[in-house]
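Enquirer: A single structure is presented below for examination.
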Amino acid sequence: MSFNLEGRTAIVTGGGRGIGKAIAFRLAQAGANVAIASRKIENLEATASEFASLPGKTIPLACHVGRADHLENLARETESRLGPVDILVNNSATNIGQGPSLNVTDEMFAKMMEINVLSAFRLIRLVAPRMIERNSGSIINIVSIAGIRPQTEGLLYSMSKAALIMMTRSLALEFGKHNVRVNAIAPGLIKTDFSEFFWKNEEHVKRVESSQPLPRIGLPEELGGIALYLASDESSFVTGQTFVVDGGATAR
Ligand SMILES: NC(=O)c1ccc[n+]([C@@H]2O[C@H](COP(=O)([O-])OP(=O)(O)OC[C@H]3O[C@@H](n4cnc5c(N)ncnc54)[C@H](OP(=O)(O)O)[C@@H]3O)[C@@H](O)[C@H]2O)c1
């Protein structure tokens with residue numbers, strides 16, 4: 001057993017900043033060659049040069065996860081430049097349509113499902129066959145505690161993350177016999193661009209500080225260790241699970 005990822009290939013969507021960047025860092029530090037992918041190539045390039053001295057290679061690949069052709073290109077380019085994918089981290093997500101649920105339009109609904117749910121499934125459909133063929137692989141879906149416990153006026157986000165949790169469990173049942181593991185990580189409130197609406201709101205921060213067992217907002221780096229564990233052979237008997245990293249927010 002080992003946390004060593006030398007010789008392994010990983011894809012981390014949204015790996016240029018926030019939680020995805022922290023995960024990509026830990027994977028490359030453990031020796032994996034990592035393709036980081038999102039829309040803004042400048043971010044990805046900056047991250048890749050920041051990671052240049054790590055044992056694993058980091059390559060930036062532009063990809064809008066809502067575009068099937070971009071995902072196909074991501075899978076193809078990663079395999080041709082780094083080899084077959086051993087580790088897939090579906091981390092990119094968006095959040096629109098926050099507010100009263102009756103204001104949610106068909107377009108918002110479709111976009112949230114496409115970016116947060118369908119994109120992960122499409123990428124799994126592109127890389128899992130090769131994992132199955134090679135009898136080895138680890139798929140990690142980044143979900144949210146909002147997918148376990150609904151957020152007020154966050155219908156689409158909560159639904160999309162709940163769907164991803166069930167996708168994780170369903171695929172774990174199918175892929176287990178091929179030694180391909182599928183797990184999810186559910187962060188609580190983590191300080192990134194994505195969540196600034198919450199951590200810039202003093203009232204919200206006070207609520208966290210007065211009610212959460214670990215009374216502070218989490219940092220992206222605090223998600224890296226669990227991702228490394230799930231990517232590595234150390235978690236060889238773990239599949240179909242959702243690991244909550246939320247400072248204890250959902251403990252009560
Ligand atoms: N922060 C939190 O409190 C929190 C809590 C629970 C769960 N999460 C989950 O953690 C994951 C990462 O979020 P984060 O907090 O690290 O946010 P972040 O720093 O804003 O990162 C979001 C990432 O997603 C990428 N992305 C967004 N839309 C995309 C698209 N259409 N195609 C490709 N990439 C796209 C962004 O890159 P580009 O802009 O370059 O495309 C960015 O790298 C998400 O799944 C989020 O739901 C976050």
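Just so we're on the same page: first chain in the structure tokens is A, next is B, and so on; residues restart at 1 for each chain, and ligands are numbered from 1 in the order they show up.
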For ligand 1, return the neighbouring residues as a compact mmCIF listing (two decimals) with C-alpha atoms, in the first residue's frame (distance at most 7 Å; only C-alpha atoms and all ligand atoms).
Expert:
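Below you can see result.txt, which holds the result:
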```
# COMPACT_ATOMS: atom_id res chain seq x y z
CA THR A 13 -11.41 19.43 -14.03
CA GLY A 14 -11.35 22.95 -12.63
CA GLY A 15 -7.76 22.28 -11.56
CA GLY A 16 -6.54 25.86 -12.12
CA ARG A 17 -7.89 27.31 -8.89
CA GLY A 18 -9.70 26.62 -5.63
CA ILE A 19 -10.33 23.05 -4.51
CA GLY A 20 -9.35 21.55 -7.88
CA ALA A 37 -8.75 21.43 -17.39
CA SER A 38 -11.19 24.34 -17.40
CA ARG A 39 -12.28 27.25 -19.58
CA LYS A 40 -9.61 29.83 -18.68
CA ILE A 41 -6.31 28.67 -20.08
CA ASN A 43 -5.27 30.24 -14.93
CA CYS A 63 -12.07 22.61 -21.72
CA HIS A 64 -15.62 23.84 -21.23
CA VAL A 65 -17.19 20.88 -19.44
CA GLY A 66 -20.60 21.73 -20.90
CA ASN A 91 -14.47 18.97 -9.78
CA SER A 92 -15.73 21.74 -12.13
CA ALA A 93 -19.16 23.09 -11.25
CA THR A 94 -21.31 26.15 -11.55
CA ILE A 115 -22.41 21.48 -16.16
CA ILE A 142 -16.57 16.60 -5.90
CA VAL A 143 -20.08 17.08 -4.53
CA SER A 144 -21.21 19.22 -1.57
CA ILE A 145 -22.94 18.91 1.77
CA ALA A 186 -18.57 16.57 -0.02
CA PRO A 187 -17.02 19.83 1.18
CA GLY A 188 -18.75 22.24 3.52
CA LEU A 189 -18.01 25.96 3.24
CA ILE A 190 -14.51 26.39 1.78
CA LYS A 191 -12.89 29.75 1.03
CA THR A 192 -12.80 29.96 -2.79
CA ASP A 193 -14.17 32.27 -5.51
CA PHE A 194 -17.17 29.96 -5.79
CA SER A 195 -18.39 30.57 -2.25
CA PRO A 220 -9.02 24.39 -0.31
```
Enquirer: I need the residues in range 22-238 of chain A that are alpha helix (DSSP H) according to DSSP; give them as a PyMOL selection string.
Expert: chain A and resi 22-29+41-50+68-82+106-113+119-134+155-175+196-199+202-211+224-231
Enquirer: Pick from A:Val104, A:Ile226, A:Ala28, A:Val89: nearest to Leu156 in chain A, with only C-alpha atoms counted?
Expert: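 Among A:Val104, A:Ile226, A:Ala28, A:Val89, it is A:Val104 that comes nearest to Leu156 in chain A.
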Enquirer: Residues of range 24-224 of chain A classed as strand (DSSP E) by DSSP on the backbone are to be reported as a VMD selection string.
Expert: chain A and resid 33 to 38 58 to 62 87 to 90 137 to 142 180 to 187
Enquirer: Please determine, counting only C-alpha atoms, which residue among A:Ala162, A:Ala10, A:Val245, A:Leu118 has the shortest atom-to-atom distance to Arg149 in chain A.
Expert: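 Selected residue with least distance to Arg149 in chain A: A:Ala162.
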Enquirer: Tell me, as a VMD selection string, which residues lie within 9 Å of Ser160 in chain A, counting only C-alpha atoms; anything in the same chain fewer than 4 positions away does not count.
Expert: chain A and resid 112 to 113 116 to 117 143 147 155 to 156 164 to 165
Enquirer: Now that the selection is made, can you save its residues with N, CA and C atoms as a short mmCIF file (atom, residue, chain, number, x, y, z; two decimals), in the first residue's frame?
Expert:
```
data_model
loop_
_atom_site.label_atom_id
_atom_site.label_comp_id
_atom_site.auth_asym_id
_atom_site.auth_seq_id
_atom_site.Cartn_x
_atom_site.Cartn_y
_atom_site.Cartn_z
N MET A 112 -27.62 23.80 -15.29
CA MET A 112 -27.05 23.25 -14.05
C MET A 112 -26.83 21.75 -14.17
N MET A 113 -27.80 21.06 -14.78
CA MET A 113 -27.65 19.61 -14.91
C MET A 113 -26.52 19.28 -15.90
N ASN A 116 -23.01 20.46 -14.03
CA ASN A 116 -22.68 19.80 -12.76
C ASN A 116 -22.86 18.28 -12.77
N VAL A 117 -23.70 17.76 -13.67
CA VAL A 117 -23.99 16.32 -13.61
C VAL A 117 -23.60 15.61 -14.91
N VAL A 143 -18.66 16.75 -4.70
CA VAL A 143 -20.08 17.08 -4.53
C VAL A 143 -20.17 18.22 -3.52
N GLY A 147 -25.70 18.62 -1.24
CA GLY A 147 -26.33 17.47 -1.89
C GLY A 147 -26.83 16.44 -0.89
N LEU A 155 -32.18 25.10 -4.81
CA LEU A 155 -32.76 23.88 -5.39
C LEU A 155 -31.85 23.20 -6.41
N LEU A 156 -31.42 23.97 -7.42
CA LEU A 156 -30.68 23.35 -8.52
C LEU A 156 -29.32 22.83 -8.06
N LEU A 164 -25.15 13.67 -8.30
CA LEU A 164 -23.77 13.21 -8.44
C LEU A 164 -23.42 12.18 -7.34
N ILE A 165 -23.99 12.37 -6.17
CA ILE A 165 -23.77 11.38 -5.09
C ILE A 165 -24.37 10.04 -5.52
#
```
Enquirer: As a PyMOL selection string, please: the residues near Thr47 in chain A (cut-off 10 Å, only C-alpha atoms, same-chain neighbours under 2 positions excluded).
Expert: chain A and resi 15-17+21+24-25+36+41-45+49-52+58-60
Enquirer: Pick the closest to Ile87 in chain A from A:His204, A:Lys111, A:Arg181, A:Arg122: which is it, counting only C-alpha atoms?
Expert: A:Arg181
Enquirer: I'd like the interatomic distance between CA of Asp86 in chain A and CA of Leu230 in chain A, to a tenth of an Å.
Expert: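 Computing the Euclidean distance for CA of Asp86 in chain A and CA of Leu230 in chain A yields 11.8 Å.
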Enquirer: To one decimal place in Å, what is the distance between CA of Ala75 in chain A and CA of Ala30 in chain A?
Expert: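 Between these atoms lies a distance of 21.7 Å.
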Enquirer: For the atom pair CA of Gly248 in chain A and CA of Met159 in chain A, what is the interatomic distance in Å to one decimal place?
Expert: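 Separating CA of Gly248 in chain A from CA of Met159 in chain A is a distance of 21.6 Å.
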